[in-house]
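Asker: So here's query-v4.tsv, just TSV, C-alpha atoms:
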```tsv
chain	number	residue	atom	x	y	z
T	1	MET	CA	57.11	40.03	-72.59
T	2	ALA	CA	57.59	43.79	-72.69
T	3	PHE	CA	55.15	45.77	-74.83
T	4	ARG	CA	57.93	46.64	-77.29
T	5	GLU	CA	58.38	42.95	-78.07
T	6	LEU	CA	54.61	42.40	-78.32
T	7	ILE	CA	54.09	45.12	-80.92
T	8	GLU	CA	57.26	44.07	-82.78
T	9	ARG	CA	55.91	40.55	-83.07
T	10	LEU	CA	52.57	41.86	-84.38
T	11	VAL	CA	54.31	43.76	-87.17
T	12	GLN	CA	56.49	40.77	-88.04
T	13	GLU	CA	53.70	38.22	-88.09
T	14	VAL	CA	51.16	40.16	-90.17
T	15	PRO	CA	51.99	40.22	-93.91
T	16	GLY	CA	51.58	43.77	-95.22
T	17	ALA	CA	51.93	45.36	-91.76
T	18	VAL	CA	53.31	48.88	-92.00
T	19	ASN	CA	53.29	50.02	-88.38
T	20	CYS	CA	52.10	49.11	-84.91
T	21	THR	CA	51.76	51.81	-82.26
T	22	LEU	CA	50.80	51.76	-78.61
T	23	LEU	CA	49.42	55.18	-77.74
T	24	GLY	CA	47.15	57.30	-75.62
T	25	PHE	CA	43.80	58.70	-76.77
T	26	ASP	CA	45.56	62.06	-76.55
T	27	GLY	CA	47.63	60.93	-79.56
T	28	ILE	CA	50.91	60.61	-77.68
T	29	ALA	CA	52.73	57.40	-78.66
T	30	ILE	CA	54.23	55.20	-75.96
T	31	ASP	CA	56.03	53.04	-78.49
T	32	SER	CA	55.88	52.51	-82.25
T	33	VAL	CA	57.38	49.86	-84.56
T	34	ASP	CA	57.56	50.08	-88.35
T	35	GLY	CA	57.18	46.99	-90.52
T	36	LYS	CA	59.03	45.98	-93.68
T	37	SER	CA	56.24	47.31	-95.87
T	38	THR	CA	56.32	51.02	-96.54
T	39	LEU	CA	53.68	53.41	-97.57
T	40	GLY	CA	55.31	56.64	-98.72
T	41	LEU	CA	53.60	58.36	-95.80
T	42	SER	CA	53.97	58.18	-92.06
T	43	ALA	CA	51.69	55.48	-90.72
T	44	GLY	CA	52.50	56.75	-87.25
T	45	ASP	CA	50.96	60.11	-88.14
T	46	ALA	CA	47.79	58.39	-89.37
T	47	THR	CA	47.55	56.44	-86.14
T	48	ILE	CA	47.84	59.57	-84.01
T	49	GLU	CA	45.17	61.42	-86.02
T	50	PHE	CA	42.80	58.46	-85.89
T	51	ALA	CA	43.36	57.80	-82.17
T	52	HIS	CA	41.82	61.12	-81.32
T	53	LEU	CA	38.75	60.27	-83.43
T	54	VAL	CA	38.42	56.82	-81.87
T	55	GLY	CA	38.16	58.58	-78.52
T	56	GLN	CA	35.17	60.49	-79.89
T	57	ILE	CA	33.63	57.32	-81.33
T	58	ARG	CA	33.93	55.66	-77.93
T	59	ARG	CA	32.17	58.51	-76.21
T	60	ALA	CA	29.44	58.52	-78.89
T	61	ALA	CA	28.90	54.76	-78.48
T	62	GLU	CA	28.73	55.06	-74.69
T	63	GLY	CA	26.24	57.88	-74.96
T	64	LEU	CA	24.06	55.62	-77.09
T	65	ALA	CA	24.35	52.63	-74.76
T	66	ALA	CA	25.93	50.70	-77.63
T	67	GLY	CA	28.49	49.50	-75.10
T	68	ASN	CA	32.27	49.62	-75.12
T	69	VAL	CA	33.94	50.00	-78.49
T	70	ASP	CA	36.06	46.88	-79.09
T	71	GLU	CA	37.60	47.81	-82.43
T	72	VAL	CA	37.53	50.44	-85.15
T	73	CYS	CA	38.74	49.61	-88.67
T	74	ILE	CA	39.41	52.39	-91.18
T	75	ARG	CA	39.95	51.23	-94.76
T	76	SER	CA	41.28	53.87	-97.09
T	77	GLU	CA	42.77	53.73	-100.57
T	78	LYS	CA	46.34	53.31	-99.33
T	79	LEU	CA	46.07	51.80	-95.87
T	80	VAL	CA	43.94	49.80	-93.46
T	81	THR	CA	44.17	50.88	-89.81
T	82	LEU	CA	42.84	48.73	-86.99
T	83	LEU	CA	42.45	50.52	-83.65
T	84	ARG	CA	41.74	48.65	-80.44
T	85	PRO	CA	41.08	50.41	-77.12
T	86	LEU	CA	42.96	48.81	-74.21
T	87	THR	CA	41.95	51.03	-71.31
T	88	SER	CA	40.14	54.33	-70.94
T	89	GLU	CA	43.50	55.98	-71.68
T	90	TYR	CA	45.37	53.74	-74.09
T	91	LEU	CA	44.85	51.97	-77.40
T	92	VAL	CA	46.88	49.93	-79.86
T	93	ALA	CA	46.84	50.56	-83.62
T	94	LEU	CA	47.99	48.30	-86.44
T	95	THR	CA	48.34	49.76	-89.93
T	96	MET	CA	48.53	47.49	-92.98
T	97	LEU	CA	48.62	47.82	-96.74
T	98	PRO	CA	45.15	47.24	-98.23
T	99	GLY	CA	46.38	43.93	-99.69
T	100	GLY	CA	47.69	42.75	-96.30
T	101	LEU	CA	46.18	39.98	-94.21
T	102	VAL	CA	43.69	42.15	-92.32
T	103	ALA	CA	41.92	39.13	-90.81
T	104	LYS	CA	45.19	37.88	-89.33
T	105	GLY	CA	45.91	41.38	-88.08
T	106	ARG	CA	42.51	41.52	-86.36
T	107	TYR	CA	43.06	38.13	-84.77
T	108	LEU	CA	46.56	38.91	-83.48
T	109	LEU	CA	45.52	42.34	-82.25
T	110	ARG	CA	42.66	40.78	-80.28
T	111	THR	CA	44.84	38.07	-78.74
T	112	THR	CA	47.74	40.44	-78.00
T	113	ALA	CA	45.53	43.08	-76.32
T	114	PRO	CA	45.25	41.29	-72.93
T	115	LYS	CA	49.05	40.89	-72.84
T	116	LEU	CA	49.58	44.58	-73.60
T	117	LEU	CA	47.05	45.43	-70.93
T	118	GLN	CA	49.01	43.39	-68.40
T	119	GLU	CA	52.19	45.30	-69.29
T	120	LEU	CA	50.42	48.64	-68.94
T	121	SER	CA	49.01	47.98	-65.48
I	1	MET	CA	15.83	50.28	-108.31
I	2	ALA	CA	15.05	53.19	-105.98
I	3	PHE	CA	17.37	53.67	-103.00
I	4	ARG	CA	14.60	52.66	-100.60
I	5	GLU	CA	14.46	49.22	-102.21
I	6	LEU	CA	18.26	48.92	-102.26
I	7	ILE	CA	18.64	49.54	-98.53
I	8	GLU	CA	15.62	47.34	-97.76
I	9	ARG	CA	17.24	44.47	-99.63
I	10	LEU	CA	20.49	44.97	-97.70
I	11	VAL	CA	18.67	44.67	-94.38
I	12	GLN	CA	16.75	41.60	-95.56
I	13	GLU	CA	19.75	39.77	-96.99
I	14	VAL	CA	22.17	40.22	-94.09
I	15	PRO	CA	21.45	37.97	-91.11
I	16	GLY	CA	21.60	40.02	-87.91
I	17	ALA	CA	21.06	43.33	-89.71
I	18	VAL	CA	19.41	45.88	-87.42
I	19	ASN	CA	19.26	48.96	-89.61
I	20	CYS	CA	20.43	50.44	-92.90
I	21	THR	CA	20.48	54.21	-93.35
I	22	LEU	CA	21.36	56.45	-96.26
I	23	LEU	CA	22.43	59.80	-94.85
I	24	GLY	CA	24.48	62.93	-95.19
I	25	PHE	CA	27.74	63.59	-93.35
I	26	ASP	CA	25.73	66.26	-91.54
I	27	GLY	CA	23.83	63.38	-89.87
I	28	ILE	CA	20.53	64.02	-91.64
I	29	ALA	CA	18.99	60.74	-92.86
I	30	ILE	CA	17.59	60.51	-96.39
I	31	ASP	CA	16.04	57.13	-95.72
I	32	SER	CA	16.33	54.45	-93.04
I	33	VAL	CA	15.10	50.85	-92.85
I	34	ASP	CA	15.00	48.70	-89.70
I	35	GLY	CA	15.65	44.97	-89.82
I	36	LYS	CA	13.97	42.12	-87.96
I	37	SER	CA	16.72	42.08	-85.34
I	38	THR	CA	16.39	44.60	-82.56
I	39	LEU	CA	18.86	46.07	-80.20
I	40	GLY	CA	17.02	47.80	-77.40
I	41	LEU	CA	18.49	51.07	-78.64
I	42	SER	CA	18.04	53.15	-81.74
I	43	ALA	CA	20.49	51.99	-84.39
I	44	GLY	CA	19.50	55.03	-86.41
I	45	ASP	CA	20.80	57.28	-83.63
I	46	ALA	CA	24.11	55.40	-83.61
I	47	THR	CA	24.41	55.85	-87.36
I	48	ILE	CA	23.83	59.58	-87.17
I	49	GLU	CA	26.40	60.05	-84.38
I	50	PHE	CA	28.98	57.96	-86.21
I	51	ALA	CA	28.38	59.64	-89.60
I	52	HIS	CA	29.64	62.91	-88.21
I	53	LEU	CA	32.81	61.21	-86.97
I	54	VAL	CA	33.37	59.43	-90.29
I	55	GLY	CA	33.42	62.88	-91.88
I	56	GLN	CA	36.28	63.80	-89.55
I	57	ILE	CA	38.09	60.52	-90.28
I	58	ARG	CA	37.85	61.24	-94.01
I	59	ARG	CA	39.33	64.68	-93.59
I	60	ALA	CA	42.12	63.28	-91.38
I	61	ALA	CA	42.95	60.59	-93.97
I	62	GLU	CA	43.00	63.12	-96.80
I	63	GLY	CA	45.28	65.41	-94.82
I	64	LEU	CA	47.67	62.48	-94.43
I	65	ALA	CA	47.54	61.48	-98.10
I	66	ALA	CA	46.20	58.10	-97.04
I	67	GLY	CA	43.66	58.48	-99.83
I	68	ASN	CA	39.90	58.30	-99.86
I	69	VAL	CA	38.27	56.44	-96.99
I	70	ASP	CA	36.43	53.43	-98.46
I	71	GLU	CA	34.90	52.04	-95.28
I	72	VAL	CA	34.84	52.46	-91.51
I	73	CYS	CA	33.79	49.59	-89.26
I	74	ILE	CA	32.96	50.23	-85.58
I	75	ARG	CA	32.63	47.09	-83.46
I	76	SER	CA	31.14	47.69	-80.04
I	77	GLU	CA	29.77	45.37	-77.40
I	78	LYS	CA	26.22	45.52	-78.71
I	79	LEU	CA	26.50	46.42	-82.38
I	80	VAL	CA	28.72	46.45	-85.46
I	81	THR	CA	28.31	49.49	-87.71
I	82	LEU	CA	29.72	49.59	-91.24
I	83	LEU	CA	29.88	53.07	-92.80
I	84	ARG	CA	30.67	53.56	-96.47
I	85	PRO	CA	31.08	57.03	-98.01
I	86	LEU	CA	29.26	57.37	-101.36
I	87	THR	CA	30.03	60.96	-102.29
I	88	SER	CA	31.58	63.94	-100.53
I	89	GLU	CA	28.12	64.55	-99.03
I	90	TYR	CA	26.49	61.17	-98.51
I	91	LEU	CA	27.24	57.81	-96.95
I	92	VAL	CA	25.42	54.55	-96.28
I	93	ALA	CA	25.51	52.77	-92.91
I	94	LEU	CA	24.62	49.19	-92.06
I	95	THR	CA	24.24	48.21	-88.40
I	96	MET	CA	24.32	44.56	-87.35
I	97	LEU	CA	24.29	42.53	-84.18
I	98	PRO	CA	27.84	41.43	-83.24
I	99	GLY	CA	26.91	37.84	-84.10
I	100	GLY	CA	25.61	38.86	-87.56
I	101	LEU	CA	27.27	38.03	-90.85
I	102	VAL	CA	29.53	41.10	-90.99
I	103	ALA	CA	31.50	39.76	-93.97
I	104	LYS	CA	28.29	39.40	-95.98
I	105	GLY	CA	27.26	42.88	-94.88
I	106	ARG	CA	30.60	44.29	-96.09
I	107	TYR	CA	30.28	42.52	-99.42
I	108	LEU	CA	26.70	43.64	-100.05
I	109	LEU	CA	27.42	47.20	-98.93
I	110	ARG	CA	30.34	47.36	-101.38
I	111	THR	CA	28.34	45.98	-104.29
I	112	THR	CA	25.25	48.08	-103.52
I	113	ALA	CA	27.21	51.36	-103.20
I	114	PRO	CA	27.53	52.01	-106.98
I	115	LYS	CA	23.76	51.45	-107.40
I	116	LEU	CA	22.98	53.88	-104.56
I	117	LEU	CA	25.37	56.37	-106.11
I	118	GLN	CA	23.50	56.11	-109.40
I	119	GLU	CA	20.21	56.85	-107.61
I	120	LEU	CA	21.72	59.84	-105.84
I	121	SER	CA	23.09	61.53	-108.96
```
Please express what this file holds, its structure, as structure tokens.

Answerer:
Amino acid sequence: MAFRELIERLVQEVPGAVNCTLLGFDGIAIDSVDGKSTLGLSAGDATIEFAHLVGQIRRAAEGLAAGNVDEVCIRSEKLVTLLRPLTSEYLVALTMLPGGLVAKGRYLLRTTAPKLLQELS
Amino acid sequence: MAFRELIERLVQEVPGAVNCTLLGFDGIAIDSVDGKSTLGLSAGDATIEFAHLVGQIRRAAEGLAAGNVDEVCIRSEKLVTLLRPLTSEYLVALTMLPGGLVAKGRYLLRTTAPKLLQELS
């Protein structure tokens, strides 16, 4: 399955999903899919801003021997963003409404990550 | 209850808790309590590094009109760190082992936050 289909399925299967983006730590999106839910702001923009910060978190964690960062979750008033590093260059981000099924999002993001990784390599 | 007691209780009541720290976004700790679980690395150091990055995440979220950041969760190989902003200056961080009761940690951090806020003001 191509990565477009994988991120489309994530957005469809998670109630309250606003956007799923596959992107580089440099903030450049490879592909991005919007969900049915809307936010009144660009979830893609949020993802790109946060991706850069996740890169810094990763480096901080490595410097502390805390090991690889598996996931970062940012809960704000209007959105919940889950960010999952795939490689040293790429990550996948799923943005949901705060009332969305975040646990399902986490689960699907974790199980989809190896498939995305396969498509990237 | 003084904030020392509040963060002590958090560490005691969350299985797998390694450390709880009340600190500024500048990374300077007001108070820090270690749990029974150990990590082979300083959880306090991780907290301080991450606090600085949470400050950046907050500013990014505000710039995007995503609203106030309520919580940031960083899951790495060896630790899970929950960071919760209290004011524009201070936040509280709870670090757990990955096998710890993160959901209980989230709940107690959320319910303890207003009490910490009261102590700070």

Asker: If we count all atoms listed in the file and set the cut-off at 8 Å, which residues sit around range 90-99 of chain T, ignoring sequence neighbours fewer than 4 positions away in its own chain? Please answer as a VMD selection string.

Answerer: chain T and resid 11 16 to 25 37 39 43 47 51 75 to 86 105 109 113

Asker: One decimal, Å: what's the distance from CA of Ala2 in chain T over to CA of Lys115 in chain T, could you say?

Answerer: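 The value is 9.0 Å.
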
Asker: For CA of Val102 in chain I and CA of Val54 in chain T, determine how far apart the two atoms are, in Å to one decimal place.

Answerer: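 So the answer is 20.2 Å.
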
Asker: What is the CA of Asp31 in chain I to CA of Val69 in chain I distance in Å?

Answerer: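 Answer for the CA of Asp31 in chain I to CA of Val69 in chain I separation: 22.3 Å.
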
Asker: Nearest residue to chain T out of I:Gly67, I:Gly27, I:Gly35, I:Pro114, using all atoms listed in the file?

Answerer: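 The closest residue to chain T is I:Gly67.
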
Asker: Could you tell me, as a tab-separated table (two decimals) with C-alpha atoms, keeping the file's coordinate frame, which residues have any atom at most 6 Å from (23.1, 42.4, -100.7), counting all atoms listed in the file?

Answerer:
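Just written: result-v6.tsv:
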```
chain	number	residue	atom	x	y	z
I	10	LEU	CA	20.49	44.97	-97.70
I	13	GLU	CA	19.75	39.77	-96.99
I	108	LEU	CA	26.70	43.64	-100.05
```

Asker: Using only C-alpha atoms, which of the listed residues (I:Ile30, I:Ala103, I:Leu117, I:Leu53) sits closest to chain T?

Answerer: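 Answer, going by the shortest atom-to-atom distance: I:Leu53.
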
Asker: Using all atoms listed in the file, find the one residue out of T:Asn68, T:Gln12, T:Thr112, T:Ser32 that sits nearest to chain I.

Answerer: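 Selected residue with least distance to chain I: T:Asn68.
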
Asker: Nearest to Gly55 in chain T among T:Asp34, T:Thr87, T:Ile74, T:Lys104, with distances taken over all atoms listed in the file: which residue is it?

Answerer: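 When distances to Gly55 in chain T are compared using all atoms listed in the file, the smallest one comes from T:Thr87.
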
Asker: From the list I:Val14, I:Val72, I:Ile7, I:Asp26, which residue is nearest chain T when using all atoms listed in the file?

Answerer: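 The answer is I:Val72, which sits nearest to chain T.
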
Asker: Choose the residue, out of I:Leu116, I:Arg106, I:Phe50, I:Pro15, that has the smallest atom-to-atom separation from chain T; count all atoms listed in the file.

Answerer: I:Phe50

Asker: Complete range 94-121 of chain I at the level of N, CA and C atoms, written as an mmCIF file, in the coordinates of the input.

Answerer:
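Wrote part-v9.cif, looks like this:
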```
data_model
loop_
_atom_site.group_PDB
_atom_site.id
_atom_site.type_symbol
_atom_site.label_atom_id
_atom_site.label_comp_id
_atom_site.auth_asym_id
_atom_site.auth_seq_id
_atom_site.Cartn_x
_atom_site.Cartn_y
_atom_site.Cartn_z
ATOM 1 N N LEU I 94 25.319 50.436 -92.369
ATOM 2 C CA LEU I 94 24.620 49.190 -92.060
ATOM 3 C C LEU I 94 24.998 48.781 -90.645
ATOM 4 N N THR I 95 23.988 48.605 -89.792
ATOM 5 C CA THR I 95 24.240 48.210 -88.400
ATOM 6 C C THR I 95 23.759 46.784 -88.186
ATOM 7 N N MET I 96 24.618 45.974 -87.597
ATOM 8 C CA MET I 96 24.320 44.560 -87.350
ATOM 9 C C MET I 96 24.540 44.199 -85.892
ATOM 10 N N LEU I 97 23.957 43.068 -85.482
ATOM 11 C CA LEU I 97 24.290 42.530 -84.180
ATOM 12 C C LEU I 97 25.708 41.948 -84.279
ATOM 13 N N PRO I 98 26.461 41.918 -83.156
ATOM 14 C CA PRO I 98 27.840 41.430 -83.240
ATOM 15 C C PRO I 98 27.931 39.996 -83.781
ATOM 16 N N GLY I 99 26.897 39.206 -83.586
ATOM 17 C CA GLY I 99 26.910 37.840 -84.100
ATOM 18 C C GLY I 99 26.428 37.729 -85.539
ATOM 19 N N GLY I 100 26.098 38.859 -86.175
ATOM 20 C CA GLY I 100 25.610 38.860 -87.560
ATOM 21 C C GLY I 100 26.704 38.547 -88.571
ATOM 22 N N LEU I 101 26.292 38.344 -89.808
ATOM 23 C CA LEU I 101 27.270 38.030 -90.850
ATOM 24 C C LEU I 101 27.913 39.322 -91.384
ATOM 25 N N VAL I 102 28.903 39.814 -90.656
ATOM 26 C CA VAL I 102 29.530 41.100 -90.990
ATOM 27 C C VAL I 102 30.207 41.033 -92.364
ATOM 28 N N ALA I 103 30.817 39.883 -92.671
ATOM 29 C CA ALA I 103 31.500 39.760 -93.970
ATOM 30 C C ALA I 103 30.504 39.884 -95.116
ATOM 31 N N LYS I 104 29.324 39.281 -94.946
ATOM 32 C CA LYS I 104 28.290 39.400 -95.980
ATOM 33 C C LYS I 104 27.803 40.847 -96.065
ATOM 34 N N GLY I 105 27.663 41.474 -94.916
ATOM 35 C CA GLY I 105 27.260 42.880 -94.880
ATOM 36 C C GLY I 105 28.253 43.755 -95.636
ATOM 37 N N ARG I 106 29.556 43.522 -95.404
ATOM 38 C CA ARG I 106 30.600 44.290 -96.090
ATOM 39 C C ARG I 106 30.502 44.109 -97.587
ATOM 40 N N TYR I 107 30.346 42.839 -97.985
ATOM 41 C CA TYR I 107 30.280 42.520 -99.420
ATOM 42 C C TYR I 107 29.074 43.212 -100.066
ATOM 43 N N LEU I 108 27.906 43.068 -99.455
ATOM 44 C CA LEU I 108 26.700 43.640 -100.050
ATOM 45 C C LEU I 108 26.724 45.177 -100.037
ATOM 46 N N LEU I 109 27.324 45.744 -98.992
ATOM 47 C CA LEU I 109 27.420 47.200 -98.930
ATOM 48 C C LEU I 109 28.319 47.707 -100.064
ATOM 49 N N ARG I 110 29.406 46.959 -100.315
ATOM 50 C CA ARG I 110 30.340 47.360 -101.380
ATOM 51 C C ARG I 110 29.691 47.259 -102.753
ATOM 52 N N THR I 111 28.937 46.177 -102.964
ATOM 53 C CA THR I 111 28.340 45.980 -104.290
ATOM 54 C C THR I 111 27.092 46.844 -104.489
ATOM 55 N N THR I 112 26.440 47.246 -103.409
ATOM 56 C CA THR I 112 25.250 48.080 -103.520
ATOM 57 C C THR I 112 25.614 49.558 -103.690
ATOM 58 N N ALA I 113 26.799 49.943 -103.187
ATOM 59 C CA ALA I 113 27.210 51.360 -103.200
ATOM 60 C C ALA I 113 27.115 52.008 -104.592
ATOM 61 N N PRO I 114 27.621 51.348 -105.657
ATOM 62 C CA PRO I 114 27.530 52.010 -106.980
ATOM 63 C C PRO I 114 26.082 52.226 -107.422
ATOM 64 N N LYS I 115 25.187 51.311 -107.036
ATOM 65 C CA LYS I 115 23.760 51.450 -107.400
ATOM 66 C C LYS I 115 23.131 52.619 -106.627
ATOM 67 N N LEU I 116 23.486 52.763 -105.366
ATOM 68 C CA LEU I 116 22.980 53.880 -104.560
ATOM 69 C C LEU I 116 23.483 55.209 -105.140
ATOM 70 N N LEU I 117 24.743 55.174 -105.546
ATOM 71 C CA LEU I 117 25.370 56.370 -106.110
ATOM 72 C C LEU I 117 24.624 56.810 -107.367
ATOM 73 N N GLN I 118 24.238 55.833 -108.171
ATOM 74 C CA GLN I 118 23.500 56.110 -109.400
ATOM 75 C C GLN I 118 22.155 56.777 -109.085
ATOM 76 N N GLU I 119 21.512 56.295 -108.014
ATOM 77 C CA GLU I 119 20.210 56.850 -107.610
ATOM 78 C C GLU I 119 20.353 58.282 -107.074
ATOM 79 N N LEU I 120 21.519 58.532 -106.475
ATOM 80 C CA LEU I 120 21.720 59.840 -105.840
ATOM 81 C C LEU I 120 22.065 60.928 -106.859
ATOM 82 N N SER I 121 22.605 60.496 -108.009
ATOM 83 C CA SER I 121 23.090 61.530 -108.960
ATOM 84 C C SER I 121 22.073 61.818 -110.056
#
```
